[in-house]
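A short worksheet on the structure shown next.
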Amino acid sequence: MKFSSEWLPQELHRQRIVDDKSSKGELREDHQVERSSAAMESFRKKREGILADEFSSVMVSNELNSVPFWGSGKMALEAVVGKSVEGKKMTGKERIIHAAMAAGSLALDFVDAKEMDRVMIVGKGVALMEKIGSQLANRGAVRGARIFVATAEFMARNPEITARVELLAEEQIRRQIKKIEEYKKKMA
Amino acid sequence: MEKQKIIGIVDRLIELGEDKEELQYWLDVYDDLSDINRLRLAAMLEEELVSLKK
């Protein structure tokens, strides 16, 4: 038998209306939270892009990306940052550190694929940022230096996130190096 | 955009659920960013606030 609201006892009918309103309200709230969270994620990605751009511009204009292996450092950095954008969700803090690690890789002292066996940035992120900051300061790029120093401090305050992101960035950088190597072999 | 206005936007974003420590980092580096990236960041923060208030 199909019950319509007219046939329900008054109290039960009232309760149904309250339940219905409440569940719709919750749904609306869930939807809003989901939408806000998606918007925040999208703006965090964009901020990571700004930071990657700032880091690479400062490094390129101060000739700190003089690693022949990378070729165009800025493009390599964008490729690494781009990977995170396509892939897993990252918090805003992770994205700051990720952009820093991608930029830091431009200053790494490696010249060929033999270096692939060596740990590149895991456990070295803070020191790498400080080193780049100090090199920039020596070149008179004070504003750029301050950004790298502030980033080193930020990473030092967040050691667990830093360790996690260093690992992720290292994997991405290795993949990128491998791609470049394969491309070089093809072109040879 | 004036730094004071950026601080106000950041405060509102934190109230709306954004990460305080992340946004504090951006305030820390704001003055040292290049002009273009400072403008981009300011516009983006403002845009995010509008989007979250909807």
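In the structure tokens, chains take letters A, B, ... by order of appearance, with residues numbered from 1 within each chain and ligands from 1 in the order shown.
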
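Residues lying within 9 Å of Ile147 in chain A, counting only C-alpha atoms and ignoring same-chain neighbours fewer than 2 positions away, are A:Phe55, A:Gly133, A:Val142, A:Arg143, A:Gly144, A:Ala145, A:Val149, A:Ala150, A:Thr151, A:Ala152, B:Asp28, B:Val29, B:Tyr30, B:Asp32, B:Leu33.
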
| query | Could you write out as a ChimeraX atom specification the residues of chain A within 12 Å of chain B, counting only C-alpha atoms? | reply | /A:32-58,91-97,141-155,157-158

| message | Between CA of Glu182 in chain A and CA of His98 in chain A, what is the distance in Å, rounded to a tenth? | response |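 Between CA of Glu182 in chain A and CA of His98 in chain A the gap is 24.8 Å.
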
| message | Can you pull out the residues contacting Leu64 in chain A? Cut-off 8 Å, using only C-alpha atoms, and skip same-chain residues under 6 positions away; I want them as a list of chain:residue names. | response | A:Leu106, A:Ala107, A:Ile132

| field | Gap from CA of Val122 in chain A to CA of Glu170 in chain A - Å, one decimal | value |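 Between CA of Val122 in chain A and CA of Glu170 in chain A the gap is 6.9 Å.
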
| query | In Å to one decimal, how far is CA of Val60 in chain A from CA of Glu171 in chain A? | reply |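 Going from CA of Glu171 in chain A over to CA of Val60 in chain A covers 23.3 Å.
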